[in-house]
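Quick look at coords.txt (compact mmCIF, C-alpha atoms and all ligand atoms):
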```
# COMPACT_ATOMS: atom_id res chain seq x y z
CA MET H 1070 -3.09 -10.36 -90.73
CA ILE H 1071 -5.23 -9.62 -87.74
CA GLY H 1072 -6.54 -12.32 -85.45
CA PRO H 1073 -6.42 -13.95 -82.02
CA PRO H 1074 -3.39 -15.80 -80.64
CA GLY H 1075 -3.07 -19.30 -82.07
CA ALA H 1076 -5.05 -18.53 -85.23
CA GLY H 1077 -2.00 -19.35 -87.31
CA LYS H 1078 -0.72 -15.91 -88.32
CA THR H 1079 2.94 -16.60 -87.65
CA MET H 1080 2.67 -20.02 -89.25
CA LEU H 1081 1.09 -18.59 -92.41
CA ALA H 1082 3.77 -15.93 -92.75
CA LYS H 1083 6.57 -18.44 -92.34
CA ARG H 1084 5.09 -20.61 -95.08
CA LEU H 1085 5.04 -17.73 -97.53
CA PRO H 1086 8.46 -18.63 -99.00
CA THR H 1087 6.92 -21.92 -100.20
CA ILE H 1088 4.52 -20.14 -102.56
CA ILE H 1089 6.50 -17.19 -103.85
CA PRO H 1090 8.18 -17.53 -107.24
CA PRO H 1091 11.92 -18.08 -107.71
CA LEU H 1092 14.13 -15.04 -108.31
CA THR H 1093 14.75 -13.98 -111.86
CA LEU H 1094 18.42 -13.69 -112.78
CA GLU H 1095 18.26 -9.91 -112.63
CA GLU H 1096 16.59 -9.98 -109.21
CA ALA H 1097 19.12 -12.53 -107.99
CA LEU H 1098 21.97 -10.22 -108.97
CA GLU H 1099 20.40 -7.22 -107.19
CA THR H 1100 19.69 -9.29 -104.09
CA THR H 1101 23.14 -10.80 -103.95
CA LYS H 1102 24.75 -7.37 -104.27
CA ILE H 1103 22.94 -5.99 -101.23
CA HIS H 1104 23.62 -9.01 -99.06
CA SER H 1105 27.23 -8.86 -100.09
CA VAL H 1106 27.54 -5.15 -99.18
CA ALA H 1107 26.04 -6.01 -95.79
CA GLY H 1108 28.55 -8.82 -95.33
CA LYS H 1109 25.73 -11.33 -95.08
CA ILE H 1110 26.94 -13.87 -97.61
CA ASP H 1111 29.74 -16.33 -97.20
CA ASP H 1112 32.44 -16.61 -99.85
CA HIS H 1113 30.98 -19.81 -101.25
CA THR H 1114 27.72 -18.29 -102.35
CA ALA H 1115 28.12 -16.90 -105.85
CA LEU H 1116 24.48 -16.02 -106.35
CA MET H 1117 21.49 -16.03 -104.04
CA THR H 1118 18.78 -18.15 -105.58
CA ARG H 1119 16.02 -17.85 -102.97
CA ARG H 1120 14.00 -14.80 -102.16
CA PRO H 1121 15.04 -13.40 -98.81
CA PHE H 1122 12.68 -13.81 -95.86
CA ARG H 1123 13.54 -11.42 -93.05
CA SER H 1124 11.76 -11.39 -89.71
CA PRO H 1125 13.40 -8.94 -87.35
CA HIS H 1126 12.36 -8.94 -83.70
CA HIS H 1127 10.18 -6.08 -82.48
CA THR H 1128 13.03 -4.66 -80.37
CA ILE H 1129 14.93 -3.73 -83.58
CA SER H 1130 16.32 -0.17 -83.83
CA ASP H 1131 15.44 2.32 -86.58
CA VAL H 1132 18.94 2.03 -88.05
CA ALA H 1133 18.91 -1.75 -88.12
CA LEU H 1134 15.54 -1.70 -89.84
CA VAL H 1135 16.05 0.95 -92.52
CA GLY H 1136 19.83 1.13 -92.67
CA GLY H 1137 22.43 3.70 -91.70
CA GLY H 1138 25.44 4.00 -89.45
CA THR H 1139 28.79 5.70 -89.89
CA PHE H 1140 29.51 3.61 -92.96
CA PRO H 1141 25.92 3.35 -94.18
CA GLN H 1142 24.85 -0.27 -94.13
CA PRO H 1143 21.69 -1.67 -95.65
CA GLY H 1144 19.00 -2.38 -93.07
CA GLU H 1145 16.42 -5.17 -92.90
CA ILE H 1146 14.19 -3.46 -95.48
CA SER H 1147 17.01 -3.66 -98.03
CA LEU H 1148 18.01 -7.18 -97.02
CA GLY H 1149 14.38 -8.02 -97.75
CA HIS H 1150 14.64 -6.49 -101.24
CA ASN H 1151 12.88 -8.77 -103.76
CA GLY H 1152 11.67 -10.85 -100.85
CA VAL H 1153 9.60 -10.72 -97.70
CA LEU H 1154 9.91 -8.56 -94.60
CA PHE H 1155 7.78 -10.06 -91.84
CA LEU H 1156 6.97 -7.94 -88.80
CA ASP H 1157 5.34 -10.30 -86.33
CA GLU H 1158 3.22 -8.60 -83.63
CA LEU H 1159 3.35 -5.25 -85.41
CA PRO H 1160 1.98 -3.09 -82.52
CA GLU H 1161 4.95 -4.18 -80.39
CA PHE H 1162 7.37 -2.38 -82.69
CA LYS H 1163 8.39 1.13 -81.66
CA ARG H 1164 6.29 3.77 -83.32
CA THR H 1165 9.35 5.49 -84.82
CA VAL H 1166 10.42 2.23 -86.44
CA LEU H 1167 7.09 1.99 -88.22
CA GLU H 1168 7.16 5.61 -89.30
CA VAL H 1169 10.63 5.41 -90.88
CA MET H 1170 9.35 2.60 -93.09
CA ARG H 1171 6.65 4.70 -94.71
CA GLN H 1172 8.78 6.44 -97.32
CA PRO H 1173 10.65 3.35 -98.50
CA LEU H 1174 7.34 1.49 -98.73
CA GLU H 1175 6.26 4.12 -101.21
CA ASP H 1176 9.51 4.66 -103.12
CA ARG H 1177 10.93 1.11 -102.90
CA VAL H 1178 14.29 2.66 -102.25
CA ILE H 1179 15.86 4.16 -99.13
CA THR H 1180 18.17 7.15 -99.21
CA ILE H 1181 20.61 7.31 -96.33
CA SER H 1182 22.15 10.75 -95.85
CA ARG H 1183 25.48 11.35 -94.24
CA ALA H 1184 27.42 14.59 -93.75
CA ARG H 1185 29.39 14.17 -96.94
CA SER H 1186 27.41 11.72 -98.99
CA THR H 1187 24.14 9.96 -99.58
CA VAL H 1188 23.62 6.32 -100.45
CA ASP H 1189 20.59 4.76 -102.08
CA TYR H 1190 19.76 1.17 -101.26
CA PRO H 1191 16.93 -0.64 -103.02
CA ALA H 1192 14.09 -1.67 -100.71
CA SER H 1193 11.38 -3.31 -102.76
CA PHE H 1194 10.08 -5.85 -100.30
CA MET H 1195 6.77 -7.49 -99.57
CA LEU H 1196 5.72 -6.32 -96.13
CA VAL H 1197 3.86 -8.93 -94.12
CA ALA H 1198 2.69 -8.10 -90.62
CA SER H 1199 0.60 -9.72 -87.94
CA MET H 1200 -1.30 -8.36 -84.98
CA ASN H 1201 -3.82 -9.32 -82.37
CA PRO H 1202 -7.07 -7.35 -82.61
CA CYS H 1203 -6.81 -6.07 -79.02
CA PRO H 1204 -4.59 -6.39 -75.91
CA CYS H 1205 -6.23 -9.65 -74.74
CA GLY H 1206 -6.43 -10.94 -78.30
CA PHE H 1207 -10.02 -12.16 -78.41
CA HIS H 1208 -11.95 -9.25 -79.88
CA ASN H 1209 -14.40 -10.64 -82.48
CA HIS H 1210 -13.50 -14.21 -81.47
CA PRO H 1211 -16.20 -16.77 -82.31
CA GLU H 1212 -16.03 -18.50 -78.87
CA LYS H 1213 -13.85 -16.66 -76.41
CA GLU H 1214 -14.76 -13.43 -74.72
CA CYS H 1215 -12.74 -10.24 -75.09
CA MET H 1216 -11.91 -8.62 -71.77
CA CYS H 1217 -10.98 -5.23 -73.22
CA SER H 1218 -13.09 -2.09 -73.12
CA PRO H 1219 -14.00 -0.62 -76.53
CA GLY H 1220 -11.62 2.26 -75.85
CA MET H 1221 -8.75 -0.15 -75.33
CA VAL H 1222 -9.46 -1.95 -78.61
CA GLN H 1223 -9.41 1.31 -80.54
CA LYS H 1224 -6.27 2.48 -78.76
CA TYR H 1225 -4.52 -0.77 -79.65
CA LEU H 1226 -5.39 -0.46 -83.34
CA ASN H 1227 -4.28 3.16 -83.30
CA ARG H 1228 -0.74 2.05 -82.52
CA ILE H 1229 -0.59 1.37 -86.24
CA SER H 1230 -0.92 4.73 -87.91
CA GLY H 1231 -3.45 5.27 -90.68
CA PRO H 1232 -0.74 6.22 -93.20
CA LEU H 1233 1.09 2.94 -92.56
CA LEU H 1234 -2.11 0.89 -92.82
CA ASP H 1235 -2.84 2.73 -96.03
CA ARG H 1236 0.35 1.31 -97.52
CA ILE H 1237 -0.61 -2.27 -96.74
CA ASP H 1238 -2.54 -3.73 -99.68
CA ILE H 1239 -4.29 -6.61 -98.02
CA HIS H 1240 -5.80 -6.52 -94.55
CA ILE H 1241 -7.08 -9.93 -93.67
CA GLU H 1242 -8.78 -11.32 -90.61
CA VAL H 1243 -7.32 -14.68 -89.65
CA VAL H 1244 -9.83 -16.77 -87.71
CA PRO H 1245 -8.94 -19.89 -85.75
CA VAL H 1246 -9.64 -23.13 -87.59
CA ASN H 1247 -11.46 -25.78 -85.55
CA TYR H 1248 -10.30 -29.34 -85.03
CA ASP H 1249 -12.58 -30.91 -87.65
CA LYS H 1250 -11.22 -28.67 -90.33
CA LEU H 1251 -7.62 -29.07 -89.20
CA SER H 1252 -7.89 -32.86 -89.38
CA ASP H 1253 -9.74 -32.89 -92.70
CA HIS H 1254 -7.04 -33.53 -95.26
CA GLY H 1255 -9.59 -33.96 -98.04
CA LYS H 1256 -9.27 -31.27 -100.66
CA ILE H 1257 -6.32 -29.21 -99.58
CA GLU H 1258 -4.39 -27.34 -102.24
CA LYS H 1259 -0.67 -27.99 -101.81
CA SER H 1260 1.81 -25.13 -101.51
CA ALA H 1261 3.55 -26.39 -104.65
CA ASP H 1262 0.29 -26.01 -106.58
CA VAL H 1263 -0.35 -22.55 -105.22
CA ARG H 1264 3.18 -21.66 -106.25
CA GLU H 1265 2.45 -22.80 -109.81
CA ARG H 1266 -0.50 -20.39 -109.92
CA VAL H 1267 1.69 -17.61 -108.56
CA ILE H 1268 4.37 -18.33 -111.14
CA ARG H 1269 1.82 -18.21 -113.95
CA ALA H 1270 0.49 -14.86 -112.70
CA ARG H 1271 4.05 -13.57 -112.45
CA ALA H 1272 4.78 -14.67 -116.01
CA ILE H 1273 1.83 -12.59 -117.21
CA GLN H 1274 3.28 -9.63 -115.33
CA ALA H 1275 6.80 -10.21 -116.63
CA LYS H 1276 5.39 -10.07 -120.14
CA ARG H 1277 3.37 -6.95 -119.37
CA PHE H 1278 6.45 -5.10 -118.13
CA GLU H 1279 9.07 -6.71 -120.36
CA ASP H 1280 10.18 -3.39 -121.83
CA VAL H 1281 10.52 -1.62 -118.49
CA LYS H 1282 13.63 -1.88 -116.39
CA SER H 1283 13.26 -2.80 -112.70
CA ILE H 1284 9.51 -3.39 -112.85
CA TYR H 1285 8.47 -6.99 -112.49
CA SER H 1286 5.14 -6.98 -110.77
CA ASN H 1287 1.84 -5.13 -110.58
CA SER H 1288 2.65 -3.54 -107.24
CA GLN H 1289 5.47 -1.62 -108.89
CA MET H 1290 3.30 -0.01 -111.56
CA THR H 1291 3.67 3.73 -112.11
CA PRO H 1292 0.50 5.87 -112.28
CA SER H 1293 0.51 5.84 -116.07
CA MET H 1294 0.90 2.05 -116.20
CA GLN H 1295 -1.93 1.80 -113.70
CA ARG H 1296 -4.17 3.85 -115.98
CA LYS H 1297 -3.27 1.61 -118.88
CA TYR H 1298 -3.54 -1.80 -117.24
CA CYS H 1299 -6.14 -1.32 -114.51
CA GLN H 1300 -9.18 -0.22 -116.46
CA LEU H 1301 -12.51 -1.07 -114.93
CA ASP H 1302 -15.79 -1.58 -116.71
CA GLU H 1303 -18.72 0.61 -115.78
CA ARG H 1304 -20.03 -1.63 -113.01
CA GLY H 1305 -16.60 -2.16 -111.48
CA GLY H 1306 -15.92 1.56 -111.57
CA ARG H 1307 -19.18 2.31 -109.79
CA LEU H 1308 -18.49 -0.33 -107.17
CA LEU H 1309 -15.09 1.14 -106.38
CA LYS H 1310 -16.45 4.68 -106.27
CA THR H 1311 -19.13 3.66 -103.79
CA ALA H 1312 -16.61 1.79 -101.64
CA MET H 1313 -14.35 4.84 -101.58
CA GLU H 1314 -17.19 7.06 -100.41
CA VAL H 1315 -18.76 4.69 -97.90
CA ARG H 1316 -15.48 3.61 -96.32
CA GLY H 1317 -13.76 6.96 -96.65
CA LEU H 1318 -10.77 5.46 -98.45
CA SER H 1319 -7.74 7.53 -99.40
CA ALA H 1320 -6.38 8.07 -102.89
CA ARG H 1321 -3.53 5.78 -101.94
CA ALA H 1322 -5.94 3.03 -100.92
CA TYR H 1323 -7.66 3.51 -104.29
CA ASP H 1324 -4.42 2.90 -106.20
CA ARG H 1325 -3.63 -0.13 -104.13
CA ILE H 1326 -7.05 -1.67 -104.58
CA LEU H 1327 -6.66 -1.34 -108.35
CA LYS H 1328 -3.26 -3.03 -108.32
CA VAL H 1329 -4.47 -5.87 -106.13
CA ALA H 1330 -7.49 -6.31 -108.43
CA ARG H 1331 -5.08 -6.53 -111.39
CA THR H 1332 -3.21 -9.31 -109.61
CA ILE H 1333 -6.41 -11.17 -108.74
CA ALA H 1334 -7.35 -10.97 -112.43
CA ASP H 1335 -3.89 -12.26 -113.40
CA LEU H 1336 -4.22 -15.19 -110.99
CA ALA H 1337 -7.50 -16.00 -112.73
CA GLU H 1338 -5.73 -15.54 -116.08
CA SER H 1339 -8.31 -12.95 -117.01
CA GLU H 1340 -7.36 -10.14 -119.33
CA ASN H 1341 -9.94 -7.77 -117.89
CA ILE H 1342 -10.54 -6.80 -114.29
CA THR H 1343 -14.08 -7.94 -113.62
CA THR H 1344 -16.51 -6.73 -110.94
CA GLU H 1345 -15.70 -9.88 -108.99
CA HIS H 1346 -11.98 -9.09 -108.97
CA ILE H 1347 -12.45 -5.50 -107.87
CA SER H 1348 -14.89 -6.45 -105.15
CA GLU H 1349 -12.47 -9.02 -103.74
CA ALA H 1350 -9.73 -6.36 -103.67
CA ILE H 1351 -12.05 -3.93 -101.87
CA ASN H 1352 -12.82 -6.55 -99.24
CA TYR H 1353 -9.14 -6.77 -98.38
CA ARG H 1354 -9.33 -3.27 -96.90
CA ASN H 1355 -10.86 -4.42 -93.63
CA LEU H 1356 -9.03 -2.10 -91.33
CA ASP H 1357 -9.85 1.05 -93.26
CA ARG H 1358 -13.44 0.42 -92.39
CA GLU H 1359 -14.79 2.94 -89.94
CA GLY H 1360 -15.49 1.42 -86.56
CA TRP H 1361 -13.82 -1.93 -87.10
CA ALA H 1362 -13.10 -1.85 -83.40
CA GLY H 1363 -16.56 -0.57 -82.46
N1 LIG N 1 -5.00 -23.37 -89.90
C1 LIG N 1 -4.05 -24.07 -89.29
N2 LIG N 1 -3.54 -25.18 -89.86
C2 LIG N 1 -2.57 -25.90 -89.23
N3 LIG N 1 -2.05 -25.59 -88.03
C3 LIG N 1 -2.52 -24.50 -87.41
C4 LIG N 1 -3.53 -23.68 -88.01
N4 LIG N 1 -3.78 -22.64 -87.16
C5 LIG N 1 -2.96 -22.82 -86.11
N5 LIG N 1 -2.19 -23.94 -86.24
C6 LIG N 1 -1.19 -24.43 -85.27
O1 LIG N 1 -1.21 -23.59 -84.16
C7 LIG N 1 0.09 -23.13 -83.88
C8 LIG N 1 0.04 -21.70 -83.41
O2 LIG N 1 -0.14 -20.87 -84.52
P1 LIG N 1 0.61 -19.48 -84.66
O3 LIG N 1 0.97 -19.30 -86.08
O4 LIG N 1 1.71 -19.36 -83.69
O5 LIG N 1 -0.58 -18.50 -84.25
P2 LIG N 1 -0.56 -16.92 -84.09
O6 LIG N 1 0.72 -16.39 -84.67
O7 LIG N 1 -1.78 -16.45 -84.84
O8 LIG N 1 -0.68 -16.65 -82.63
C9 LIG N 1 0.90 -23.32 -85.15
O9 LIG N 1 2.23 -23.62 -84.90
C10 LIG N 1 0.21 -24.48 -85.81
O10 LIG N 1 0.79 -25.68 -85.38
MG MG N 2 2.22 -15.38 -83.71
ZN ZN N 3 -9.61 -8.03 -75.95
```
Please render this file's structure as structure tokens.
Amino acid sequence: MIGPPGAGKTMLAKRLPTIIPPLTLEEALETTKIHSVAGKIDDHTALMTRRPFRSPHHTISDVALVGGGTFPQPGEISLGHNGVLFLDELPEFKRTVLEVMRQPLEDRVITISRARSTVDYPASFMLVASMNPCPCGFHNHPEKECMCSPGMVQKYLNRISGPLLDRIDIHIEVVPVNYDKLSDHGKIEKSADVRERVIRARAIQAKRFEDVKSIYSNSQMTPSMQRKYCQLDERGGRLLKTAMEVRGLSARAYDRILKVARTIADLAESENITTEHISEAINYRNLDREGWAG
């Protein structure tokens, strides 16, 4: 999420647990095991029933984030397994911290090597991050003026490396909501209702992957599953091809757009990915766009 201070980025992230689905039994067992290894559960908790929501501060060390130490401990990315890892104010995190997350984001597992042994900890988490668009925060703001030079805006965005951005499925601009809208309680969809939609979409995915161990959602699809389940019609295919060329998207971005489109289709309970679904997924790649800061 990118947007000015006060737009509601932190608030949105913190509400995420109210719309994500409950853990399946299998996920609950995996999650409990990791938290237990890390000594993070008290003796009274037999089984964790809620998805973890982790939001480490930006001063966190590499080891605390990805895991390690003399007796290798799971880090925040593993404590967030099957849940959410929220990095608020992403550019404030040390560059090395962001770089060590790249591999686990891809593999959904982290291998910690020691002199005599290696340990694998699962790390399949939903990464959520927020940032201001520039040092002063008001770049692209509808009312306030940005005080930063164009060079400064670009430099700020560059703190997040392209390869890391590439691994984030949805880039979304969060714009401040004005008073009238905030106080209009007319037709607001409740979190509980959103959650019902999410649960239905998840049920479709559970069915899709019922024969495959450790795959529960579209984001975890292997390349061959992606070929099978993310077919586009001719128009959709052309749209994606054009977007790739015009925006100079990577092969990784391509895969991620397809998976997001599959999820959008699932939320709409549509068997096929339509042009509308794929175009929505493409629009979530805001920050790949050349000259966003320009
Ligand atoms: N769309 C919104 N709906 C309700 N409250 C909002 C909204 N946007 C901002 N707020 C209020 O403004 C406060 C500041 O938002 P915050 O999430 O801290 O912004 P950011 O992280 O983008 O700087 C929130 O605690 C919330 O009370
Ligand atoms: Mg904030
Ligand atoms: Zn600015």
Problem set entry | Surrounding residues as a list of chain:residue names, ligand LIG 1 (chain N), max 7 Å, all atoms listed in the file |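 Checking all atoms listed in the file against ligand LIG 1 (chain N) at 7 Å gives H:Gly1072, H:Pro1073, H:Pro1074, H:Gly1075, H:Ala1076, H:Gly1077, H:Lys1078, H:Thr1079, H:Met1080, H:Leu1081, H:Pro1245, H:Val1246, H:Leu1251.
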Exercise. Please, which residues have at least one atom within 8 Å of an atom of ligand ZN 3 (chain N), using only C-alpha atoms and all ligand atoms, listed as an MDAnalysis selection string?
Worked result: chainID H and resid 1202:1208 1214:1218 1221:1222
Please write the residues from the selection above to a file, keeping C-alpha atoms, as a short mmCIF file (atom, residue, chain, number, x, y, z; two decimals), keeping the file's coordinate frame.
```
data_model
loop_
_atom_site.label_atom_id
_atom_site.label_comp_id
_atom_site.auth_asym_id
_atom_site.auth_seq_id
_atom_site.Cartn_x
_atom_site.Cartn_y
_atom_site.Cartn_z
CA PRO H 1202 -7.07 -7.35 -82.61
CA CYS H 1203 -6.81 -6.07 -79.02
CA PRO H 1204 -4.59 -6.39 -75.91
CA CYS H 1205 -6.23 -9.65 -74.74
CA GLY H 1206 -6.43 -10.94 -78.30
CA PHE H 1207 -10.02 -12.16 -78.41
CA HIS H 1208 -11.95 -9.25 -79.88
CA GLU H 1214 -14.76 -13.43 -74.72
CA CYS H 1215 -12.74 -10.24 -75.09
CA MET H 1216 -11.91 -8.62 -71.77
CA CYS H 1217 -10.98 -5.23 -73.22
CA SER H 1218 -13.09 -2.09 -73.12
CA MET H 1221 -8.75 -0.15 -75.33
CA VAL H 1222 -9.46 -1.95 -78.61
#
```
Seminar exercise, completed: For ligand MG 2 (chain N), the closest of H:Lys1109, H:Met1200, H:Arg1183, H:Glu1095 counting all atoms listed in the file is H:Met1200
Exercise. Suppose you want the space between CA of Pro1141 in chain H and CA of Val1281 in chain H; what is it in Å?
Worked result: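 Rounded to one decimal, the two atoms are 29.2 Å apart.
Taking CA of Phe1194 in chain H and CA of His1150 in chain H as the two end points, the separation is 4.7 Å.
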Hey, could you pull the box centre and edge lengths for range 1337-1344 of chain H, axis-aligned, 5 Å padding per side, all listed atoms, to one decimal in Å, as lines of an AutoDock Vina configuration file?
```
center_x = -11.1
center_y = -11.4
center_z = -115.1
size_x = 20.8
size_y = 19.3
size_z = 18.4
```
Problem set entry | Two-atom distance - CA of Phe1278 in chain H, CA of Pro1090 in chain H (Å) | 16.6 Å
Problem set entry | Best match for closeness to Ile1351 in chain H among H:Tyr1323, H:Phe1155, H:Tyr1248, H:Tyr1285, counting only C-alpha atoms |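 Among H:Tyr1323, H:Phe1155, H:Tyr1248, H:Tyr1285, it is H:Tyr1323 that comes nearest to Ile1351 in chain H.
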For this session: Within 9 Å of Ala1107 in chain H, counting all atoms listed in the file, which residues show up once you throw out same-chain ones fewer than 5 positions away? Write them as a PyMOL selection string, please.
Result: chain H and resi 1102+1142-1144+1148
For this session: Tell me which of H:His1126, H:Arg1164, H:Arg1331, H:Lys1224 sits closest to Arg1296 in chain H, counting all atoms listed in the file.
Result: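 Comparing H:His1126, H:Arg1164, H:Arg1331, H:Lys1224 against Arg1296 in chain H, the winner is H:Arg1331.
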Problem set entry | Surrounding residues of Leu1085 in chain H excluding itself and chain neighbours under 3 positions, 10 Å, all atoms listed in the file, as a ChimeraX atom specification | /H:1080-1082,1088-1089,1122,1153,1155,1197,1260,1264
Exercise. Can you list, as a ChimeraX atom specification, every protein, DNA or RNA residue that comes within 9 Å of Pro1160 in chain H when you count all atoms listed in the file, leaving out same-chain residues fewer than 2 positions away?
Worked result: /H:1127,1157-1158,1162-1164,1199-1201,1225-1229
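Candidate residues H:Ser1252, H:Ser1186, H:Ser1124, H:Thr1165 were compared for distance to ligand MG 2 (chain N), and the nearest is H:Ser1124, using all atoms listed in the file.
Between ligand MG 2 (chain N) and the candidates H:Thr1128, H:Leu1159, H:Ala1097, H:Met1313, the tightest atom-to-atom separation, counting only C-alpha atoms and all ligand atoms, involves H:Leu1159.
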Problem set entry | Nearest to ligand MG 2 (chain N) by atom-to-atom distance, counting only C-alpha atoms and all ligand atoms, from H:Val1243, H:Ala1334, H:Leu1094, H:Ala1270 | H:Val1243
For this session: Pick out the residues sitting within 9 Å of His1240 in chain H, and hand them over as a PyMOL selection string; count all atoms listed in the file, and ignore anything fewer than 3 positions along from it in its own chain.
Result: chain H and resi 1070-1071+1234+1237+1352-1357
For this session: Write out as a PyMOL selection string the residues lying within 12 Å of Pro1292 in chain H, counting all atoms listed in the file and excluding same-chain residues fewer than 3 positions away.
Result: chain H and resi 1287-1289+1295-1299+1320-1321+1323-1325+1327-1328
